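Participant: Below is the file my_file_23.cif, which contains mmCIF, N, CA and C atoms.
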```cif
data_upload
#
loop_
_atom_site.label_atom_id
_atom_site.label_comp_id
_atom_site.auth_asym_id
_atom_site.auth_seq_id
_atom_site.Cartn_x
_atom_site.Cartn_y
_atom_site.Cartn_z
N MET Q 288 0.82 -1.19 0.00
CA MET Q 288 0.00 0.00 0.00
C MET Q 288 0.87 1.26 0.00
N ASN Q 289 1.97 1.19 0.71
CA ASN Q 289 2.88 2.33 0.75
C ASN Q 289 3.45 2.64 -0.63
N LEU Q 290 3.76 1.59 -1.39
CA LEU Q 290 4.31 1.77 -2.73
C LEU Q 290 3.30 2.48 -3.62
N LEU Q 291 2.04 2.09 -3.54
CA LEU Q 291 1.00 2.71 -4.35
C LEU Q 291 0.84 4.19 -3.99
N LEU Q 292 0.85 4.49 -2.71
CA LEU Q 292 0.73 5.89 -2.29
C LEU Q 292 1.95 6.70 -2.71
N GLY Q 293 3.12 6.09 -2.68
CA GLY Q 293 4.33 6.78 -3.11
C GLY Q 293 4.30 7.10 -4.60
N VAL Q 294 3.82 6.16 -5.40
CA VAL Q 294 3.70 6.40 -6.84
C VAL Q 294 2.71 7.51 -7.12
N PHE Q 295 1.57 7.50 -6.42
CA PHE Q 295 0.58 8.54 -6.61
C PHE Q 295 1.14 9.90 -6.19
N GLN Q 296 1.89 9.94 -5.10
CA GLN Q 296 2.47 11.19 -4.62
C GLN Q 296 3.47 11.74 -5.64
N GLU Q 297 4.30 10.87 -6.22
CA GLU Q 297 5.24 11.30 -7.25
C GLU Q 297 4.50 11.86 -8.46
N PHE Q 298 3.46 11.14 -8.89
CA PHE Q 298 2.68 11.61 -10.03
C PHE Q 298 2.07 12.97 -9.74
N TRP Q 299 1.47 13.14 -8.58
CA TRP Q 299 0.80 14.39 -8.24
C TRP Q 299 1.79 15.54 -8.15
N ASP Q 300 2.95 15.31 -7.55
CA ASP Q 300 3.96 16.37 -7.45
C ASP Q 300 4.45 16.79 -8.84
N GLY Q 301 4.69 15.81 -9.72
CA GLY Q 301 5.11 16.13 -11.08
C GLY Q 301 4.03 16.85 -11.86
N PHE Q 302 2.78 16.45 -11.65
CA PHE Q 302 1.66 17.07 -12.33
C PHE Q 302 1.51 18.53 -11.91
N VAL Q 303 1.59 18.79 -10.63
CA VAL Q 303 1.47 20.17 -10.13
C VAL Q 303 2.64 21.01 -10.61
N MET Q 304 3.85 20.43 -10.61
CA MET Q 304 5.02 21.17 -11.08
C MET Q 304 4.88 21.52 -12.56
N ARG Q 305 4.36 20.58 -13.35
CA ARG Q 305 4.19 20.82 -14.79
C ARG Q 305 3.11 21.88 -15.03
N LEU Q 306 2.04 21.87 -14.26
CA LEU Q 306 0.98 22.85 -14.44
C LEU Q 306 1.43 24.27 -14.10
N GLN Q 307 2.48 24.41 -13.33
CA GLN Q 307 2.97 25.73 -12.96
C GLN Q 307 3.92 26.32 -13.99
N MET Q 308 4.29 25.54 -15.00
CA MET Q 308 5.19 26.04 -16.04
C MET Q 308 4.43 27.01 -16.95
N PRO Q 309 5.04 28.14 -17.28
CA PRO Q 309 4.34 29.14 -18.12
C PRO Q 309 3.92 28.59 -19.48
N ALA Q 310 4.74 27.76 -20.09
CA ALA Q 310 4.38 27.21 -21.41
C ALA Q 310 3.13 26.34 -21.32
N VAL Q 311 2.99 25.60 -20.26
CA VAL Q 311 1.82 24.74 -20.10
C VAL Q 311 0.58 25.58 -19.83
N ILE Q 312 0.71 26.65 -19.07
CA ILE Q 312 -0.42 27.54 -18.81
C ILE Q 312 -0.90 28.17 -20.11
N VAL Q 313 0.03 28.63 -20.95
CA VAL Q 313 -0.32 29.22 -22.24
C VAL Q 313 -1.00 28.17 -23.12
N ALA Q 314 -0.48 26.95 -23.12
CA ALA Q 314 -1.06 25.88 -23.94
C ALA Q 314 -2.48 25.55 -23.50
N VAL Q 315 -2.73 25.53 -22.22
CA VAL Q 315 -4.08 25.23 -21.72
C VAL Q 315 -5.05 26.35 -22.11
N ILE Q 316 -4.61 27.59 -22.02
CA ILE Q 316 -5.46 28.71 -22.42
C ILE Q 316 -5.76 28.65 -23.91
N LEU Q 317 -4.73 28.39 -24.73
CA LEU Q 317 -4.95 28.28 -26.17
C LEU Q 317 -5.89 27.13 -26.51
N ALA Q 318 -5.75 26.02 -25.79
CA ALA Q 318 -6.64 24.88 -26.04
C ALA Q 318 -8.08 25.23 -25.69
N ALA Q 319 -8.28 25.94 -24.61
CA ALA Q 319 -9.64 26.32 -24.21
C ALA Q 319 -10.27 27.28 -25.23
N VAL Q 320 -9.49 28.25 -25.69
CA VAL Q 320 -10.00 29.19 -26.69
C VAL Q 320 -10.27 28.46 -28.01
N GLY Q 321 -9.37 27.58 -28.41
CA GLY Q 321 -9.55 26.83 -29.65
C GLY Q 321 -10.77 25.94 -29.61
N LEU Q 322 -10.97 25.26 -28.50
CA LEU Q 322 -12.14 24.40 -28.36
C LEU Q 322 -13.42 25.23 -28.38
N GLY Q 323 -13.38 26.37 -27.72
CA GLY Q 323 -14.55 27.25 -27.72
C GLY Q 323 -14.89 27.75 -29.12
N LEU Q 324 -13.88 28.16 -29.88
CA LEU Q 324 -14.13 28.62 -31.25
C LEU Q 324 -14.67 27.51 -32.13
N ALA Q 325 -14.13 26.33 -31.97
CA ALA Q 325 -14.60 25.20 -32.79
C ALA Q 325 -16.04 24.84 -32.46
N LEU Q 326 -16.40 24.98 -31.20
CA LEU Q 326 -17.76 24.61 -30.80
C LEU Q 326 -18.81 25.66 -31.16
N VAL Q 327 -18.44 26.94 -31.21
CA VAL Q 327 -19.42 27.99 -31.49
C VAL Q 327 -19.42 28.42 -32.95
N GLY Q 328 -18.73 27.69 -33.81
CA GLY Q 328 -18.66 28.05 -35.22
C GLY Q 328 -20.01 28.16 -35.90
N ARG Q 329 -20.86 27.18 -35.69
CA ARG Q 329 -22.18 27.19 -36.33
C ARG Q 329 -23.03 28.34 -35.79
N LYS Q 330 -23.00 28.56 -34.49
CA LYS Q 330 -23.80 29.64 -33.90
C LYS Q 330 -23.31 31.01 -34.38
N ALA Q 331 -22.00 31.16 -34.52
CA ALA Q 331 -21.45 32.42 -35.03
C ALA Q 331 -21.89 32.64 -36.47
N ALA Q 332 -21.95 31.58 -37.26
CA ALA Q 332 -22.42 31.70 -38.64
C ALA Q 332 -23.90 32.08 -38.68
N GLU Q 333 -24.69 31.52 -37.77
CA GLU Q 333 -26.12 31.88 -37.71
C GLU Q 333 -26.29 33.35 -37.38
N VAL Q 334 -25.50 33.85 -36.44
CA VAL Q 334 -25.60 35.26 -36.06
C VAL Q 334 -25.09 36.14 -37.18
N GLY Q 335 -23.98 35.74 -37.82
CA GLY Q 335 -23.42 36.54 -38.90
C GLY Q 335 -24.31 36.59 -40.13
N ARG Q 336 -24.95 35.51 -40.45
CA ARG Q 336 -25.82 35.44 -41.63
C ARG Q 336 -27.27 35.84 -41.31
N LYS Q 337 -27.59 35.96 -40.03
CA LYS Q 337 -28.94 36.32 -39.56
C LYS Q 337 -29.99 35.35 -40.09
N THR Q 338 -29.67 34.06 -40.01
CA THR Q 338 -30.60 33.02 -40.42
C THR Q 338 -30.32 31.75 -39.63
N LYS Q 339 -31.32 30.89 -39.53
CA LYS Q 339 -31.15 29.62 -38.82
C LYS Q 339 -30.64 28.52 -39.74
N GLU Q 340 -30.79 28.70 -41.05
CA GLU Q 340 -30.37 27.69 -42.02
C GLU Q 340 -28.93 27.96 -42.45
N ILE Q 341 -28.00 27.17 -41.93
CA ILE Q 341 -26.59 27.32 -42.27
C ILE Q 341 -26.14 26.07 -43.01
N GLU Q 342 -25.55 26.28 -44.16
CA GLU Q 342 -25.01 25.17 -44.94
C GLU Q 342 -23.77 24.63 -44.25
N ASP Q 343 -23.44 23.37 -44.55
CA ASP Q 343 -22.25 22.77 -43.96
C ASP Q 343 -20.95 23.35 -44.51
N ASP Q 344 -21.01 24.04 -45.65
CA ASP Q 344 -19.81 24.63 -46.23
C ASP Q 344 -19.81 26.16 -46.09
N ASP Q 345 -20.46 26.68 -45.07
CA ASP Q 345 -20.50 28.12 -44.83
C ASP Q 345 -19.12 28.62 -44.45
N SER Q 346 -18.70 29.72 -45.04
CA SER Q 346 -17.34 30.22 -44.85
C SER Q 346 -17.08 30.71 -43.43
N ILE Q 347 -18.07 31.31 -42.79
CA ILE Q 347 -17.88 31.79 -41.42
C ILE Q 347 -17.69 30.60 -40.48
N MET Q 348 -18.53 29.60 -40.62
CA MET Q 348 -18.44 28.42 -39.76
C MET Q 348 -17.11 27.70 -39.97
N ILE Q 349 -16.71 27.54 -41.21
CA ILE Q 349 -15.44 26.86 -41.49
C ILE Q 349 -14.27 27.65 -40.95
N THR Q 350 -14.31 28.96 -41.06
CA THR Q 350 -13.23 29.80 -40.53
C THR Q 350 -13.09 29.64 -39.02
N PHE Q 351 -14.21 29.69 -38.32
CA PHE Q 351 -14.17 29.51 -36.87
C PHE Q 351 -13.61 28.14 -36.50
N LYS Q 352 -14.06 27.12 -37.20
CA LYS Q 352 -13.60 25.76 -36.88
C LYS Q 352 -12.12 25.57 -37.22
N VAL Q 353 -11.67 26.13 -38.32
CA VAL Q 353 -10.25 26.00 -38.70
C VAL Q 353 -9.36 26.74 -37.71
N VAL Q 354 -9.75 27.95 -37.34
CA VAL Q 354 -8.95 28.70 -36.36
C VAL Q 354 -8.93 27.97 -35.02
N GLY Q 355 -10.07 27.42 -34.63
CA GLY Q 355 -10.12 26.66 -33.38
C GLY Q 355 -9.22 25.44 -33.42
N MET Q 356 -9.24 24.71 -34.52
CA MET Q 356 -8.39 23.53 -34.64
C MET Q 356 -6.91 23.91 -34.70
N LEU Q 357 -6.59 25.03 -35.35
CA LEU Q 357 -5.20 25.49 -35.37
C LEU Q 357 -4.71 25.83 -33.96
N LEU Q 358 -5.56 26.48 -33.17
CA LEU Q 358 -5.18 26.80 -31.80
C LEU Q 358 -4.99 25.53 -30.97
N LEU Q 359 -5.83 24.54 -31.19
CA LEU Q 359 -5.65 23.26 -30.50
C LEU Q 359 -4.33 22.60 -30.91
N PHE Q 360 -4.03 22.64 -32.20
CA PHE Q 360 -2.76 22.07 -32.68
C PHE Q 360 -1.56 22.80 -32.09
N VAL Q 361 -1.63 24.13 -32.03
CA VAL Q 361 -0.53 24.90 -31.45
C VAL Q 361 -0.37 24.57 -29.97
N SER Q 362 -1.47 24.40 -29.26
CA SER Q 362 -1.37 24.07 -27.84
C SER Q 362 -0.74 22.70 -27.63
N VAL Q 363 -1.08 21.74 -28.49
CA VAL Q 363 -0.43 20.42 -28.39
C VAL Q 363 1.05 20.52 -28.71
N ALA Q 364 1.39 21.31 -29.72
CA ALA Q 364 2.80 21.49 -30.07
C ALA Q 364 3.58 22.14 -28.93
N ILE Q 365 2.98 23.11 -28.25
CA ILE Q 365 3.64 23.74 -27.11
C ILE Q 365 3.87 22.72 -26.00
N ILE Q 366 2.87 21.92 -25.71
CA ILE Q 366 3.01 20.91 -24.67
C ILE Q 366 4.12 19.91 -25.03
N VAL Q 367 4.17 19.49 -26.27
CA VAL Q 367 5.14 18.48 -26.67
C VAL Q 367 6.56 19.05 -26.68
N PHE Q 368 6.74 20.24 -27.25
CA PHE Q 368 8.10 20.76 -27.43
C PHE Q 368 8.60 21.63 -26.29
N ARG Q 369 7.72 22.33 -25.58
CA ARG Q 369 8.18 23.23 -24.50
C ARG Q 369 7.86 22.70 -23.12
N GLY Q 370 6.92 21.80 -23.02
CA GLY Q 370 6.48 21.33 -21.72
C GLY Q 370 7.36 20.26 -21.11
N MET Q 371 8.40 19.87 -21.80
CA MET Q 371 9.24 18.79 -21.28
C MET Q 371 10.30 19.28 -20.34
#
```
Let me see the file written as structure tokens.
Facilitator:
Amino acid sequence: MNLLLGVFQEFWDGFVMRLQMPAVIVAVILAAVGLGLALVGRKAAEVGRKTKEIEDDDSIMITFKVVGMLLLFVSVAIIVFRGM
């Protein structure tokens, strides 16, 4: 039981230390903004076009989703290359 608690304590200490790194904080913020943009793309297109009928190839919706996915990709790249 002591071994299990020791492993968990090591994991938790490393996790907290990693979360305090500035690069990881920036990556988490970028990921949150990117996810938000990707999720509200259709609603933003509805507001921009002032209609409820939005095609799947609407340029506003695609732009929001692409920017959101790019921010998610950048956040993963920051975690991989700077978070180590």
Participant: Any chance you could work out the residue set of the PyMOL selection byres ((chain Q and resi 322-339) around 7) here, as an NGL selection string?
Facilitator: :Q and (317-321 or 340-341 or 347-356 or 358-359)
Participant: Keeping N, CA and C atoms for every residue in the selection just given, could you write it to a file as a CSV table (one decimal), in the coordinates of the input?
Facilitator:
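Full text of result.csv as output:
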```
chain,number,residue,atom,x,y,z
Q,317,LEU,N,-4.7,28.4,-24.7
Q,317,LEU,CA,-5.0,28.3,-26.2
Q,317,LEU,C,-5.9,27.1,-26.5
Q,318,ALA,N,-5.8,26.0,-25.8
Q,318,ALA,CA,-6.6,24.9,-26.0
Q,318,ALA,C,-8.1,25.2,-25.7
Q,319,ALA,N,-8.3,25.9,-24.6
Q,319,ALA,CA,-9.6,26.3,-24.2
Q,319,ALA,C,-10.3,27.3,-25.2
Q,320,VAL,N,-9.5,28.2,-25.7
Q,320,VAL,CA,-10.0,29.2,-26.7
Q,320,VAL,C,-10.3,28.5,-28.0
Q,321,GLY,N,-9.4,27.6,-28.4
Q,321,GLY,CA,-9.6,26.8,-29.6
Q,321,GLY,C,-10.8,25.9,-29.6
Q,340,GLU,N,-30.8,28.7,-41.0
Q,340,GLU,CA,-30.4,27.7,-42.0
Q,340,GLU,C,-28.9,28.0,-42.4
Q,341,ILE,N,-28.0,27.2,-41.9
Q,341,ILE,CA,-26.6,27.3,-42.3
Q,341,ILE,C,-26.1,26.1,-43.0
Q,347,ILE,N,-18.1,31.3,-42.8
Q,347,ILE,CA,-17.9,31.8,-41.4
Q,347,ILE,C,-17.7,30.6,-40.5
Q,348,MET,N,-18.5,29.6,-40.6
Q,348,MET,CA,-18.4,28.4,-39.8
Q,348,MET,C,-17.1,27.7,-40.0
Q,349,ILE,N,-16.7,27.5,-41.2
Q,349,ILE,CA,-15.4,26.9,-41.5
Q,349,ILE,C,-14.3,27.6,-41.0
Q,350,THR,N,-14.3,29.0,-41.1
Q,350,THR,CA,-13.2,29.8,-40.5
Q,350,THR,C,-13.1,29.6,-39.0
Q,351,PHE,N,-14.2,29.7,-38.3
Q,351,PHE,CA,-14.2,29.5,-36.9
Q,351,PHE,C,-13.6,28.1,-36.5
Q,352,LYS,N,-14.1,27.1,-37.2
Q,352,LYS,CA,-13.6,25.8,-36.9
Q,352,LYS,C,-12.1,25.6,-37.2
Q,353,VAL,N,-11.7,26.1,-38.3
Q,353,VAL,CA,-10.2,26.0,-38.7
Q,353,VAL,C,-9.4,26.7,-37.7
Q,354,VAL,N,-9.8,28.0,-37.3
Q,354,VAL,CA,-9.0,28.7,-36.4
Q,354,VAL,C,-8.9,28.0,-35.0
Q,355,GLY,N,-10.1,27.4,-34.6
Q,355,GLY,CA,-10.1,26.7,-33.4
Q,355,GLY,C,-9.2,25.4,-33.4
Q,356,MET,N,-9.2,24.7,-34.5
Q,356,MET,CA,-8.4,23.5,-34.6
Q,356,MET,C,-6.9,23.9,-34.7
Q,358,LEU,N,-5.6,26.5,-33.2
Q,358,LEU,CA,-5.2,26.8,-31.8
Q,358,LEU,C,-5.0,25.5,-31.0
Q,359,LEU,N,-5.8,24.5,-31.2
Q,359,LEU,CA,-5.6,23.3,-30.5
Q,359,LEU,C,-4.3,22.6,-30.9
```
Participant: Please identify the helix (DSSP H, G or I) residues within segment 292-357 of chain Q (assignment by DSSP from backbone atoms) and present them as an MDAnalysis selection string.
Facilitator: chainID Q and resid 292:306 309:326 328:336 346:357
Participant: Suppose you want the space between atom N of Ile316 of chain Q and atom N of Arg369 of chain Q; what is it in Å?
Facilitator: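 Distance reported for this atom pair: 13.9 Å.
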Participant: Rounded to one decimal in Å, what is the spacing between atom CA of Arg305 of chain Q and atom CA of Val367 of chain Q?
Facilitator: 12.1 Å
Participant: Do you know which residues are at most 7 Å from Val311 of chain Q counting all atoms listed in the file, after dropping those on the same chain fewer than 3 positions away, and could you put them as an MDAnalysis selection string?
Facilitator: chainID Q and resid 305:308 314:316 365:366 369:370
Participant: Those residues with N, CA and C atoms, as a PDB file, keeping the file's coordinate frame please?
Facilitator:
```pdb
ATOM      1  N   ARG Q 305       4.360  20.580 -13.350  1.00  0.00           N
ATOM      2  CA  ARG Q 305       4.190  20.820 -14.790  1.00  0.00           C
ATOM      3  C   ARG Q 305       3.110  21.880 -15.030  1.00  0.00           C
ATOM      4  N   LEU Q 306       2.040  21.870 -14.260  1.00  0.00           N
ATOM      5  CA  LEU Q 306       0.980  22.850 -14.440  1.00  0.00           C
ATOM      6  C   LEU Q 306       1.430  24.270 -14.100  1.00  0.00           C
ATOM      7  N   GLN Q 307       2.480  24.410 -13.330  1.00  0.00           N
ATOM      8  CA  GLN Q 307       2.970  25.730 -12.960  1.00  0.00           C
ATOM      9  C   GLN Q 307       3.920  26.320 -13.990  1.00  0.00           C
ATOM     10  N   MET Q 308       4.290  25.540 -15.000  1.00  0.00           N
ATOM     11  CA  MET Q 308       5.190  26.040 -16.040  1.00  0.00           C
ATOM     12  C   MET Q 308       4.430  27.010 -16.950  1.00  0.00           C
ATOM     13  N   ALA Q 314      -0.480  26.950 -23.120  1.00  0.00           N
ATOM     14  CA  ALA Q 314      -1.060  25.880 -23.940  1.00  0.00           C
ATOM     15  C   ALA Q 314      -2.480  25.550 -23.500  1.00  0.00           C
ATOM     16  N   VAL Q 315      -2.730  25.530 -22.220  1.00  0.00           N
ATOM     17  CA  VAL Q 315      -4.080  25.230 -21.720  1.00  0.00           C
ATOM     18  C   VAL Q 315      -5.050  26.350 -22.110  1.00  0.00           C
ATOM     19  N   ILE Q 316      -4.610  27.590 -22.020  1.00  0.00           N
ATOM     20  CA  ILE Q 316      -5.460  28.710 -22.420  1.00  0.00           C
ATOM     21  C   ILE Q 316      -5.760  28.650 -23.910  1.00  0.00           C
ATOM     22  N   ILE Q 365       2.980  23.110 -28.250  1.00  0.00           N
ATOM     23  CA  ILE Q 365       3.640  23.740 -27.110  1.00  0.00           C
ATOM     24  C   ILE Q 365       3.870  22.720 -26.000  1.00  0.00           C
ATOM     25  N   ILE Q 366       2.870  21.920 -25.710  1.00  0.00           N
ATOM     26  CA  ILE Q 366       3.010  20.910 -24.670  1.00  0.00           C
ATOM     27  C   ILE Q 366       4.120  19.910 -25.030  1.00  0.00           C
ATOM     28  N   ARG Q 369       7.720  22.330 -25.580  1.00  0.00           N
ATOM     29  CA  ARG Q 369       8.180  23.230 -24.500  1.00  0.00           C
ATOM     30  C   ARG Q 369       7.860  22.700 -23.120  1.00  0.00           C
ATOM     31  N   GLY Q 370       6.920  21.800 -23.020  1.00  0.00           N
ATOM     32  CA  GLY Q 370       6.480  21.330 -21.720  1.00  0.00           C
ATOM     33  C   GLY Q 370       7.360  20.260 -21.110  1.00  0.00           C
TER      34      GLY Q 370
END
```
Participant: Could you please determine the separation between atom CA of Phe368 of chain Q and atom CA of Met304 of chain Q in Å, to one decimal place?
Facilitator: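 Separating atom CA of Phe368 of chain Q from atom CA of Met304 of chain Q is a distance of 16.6 Å.
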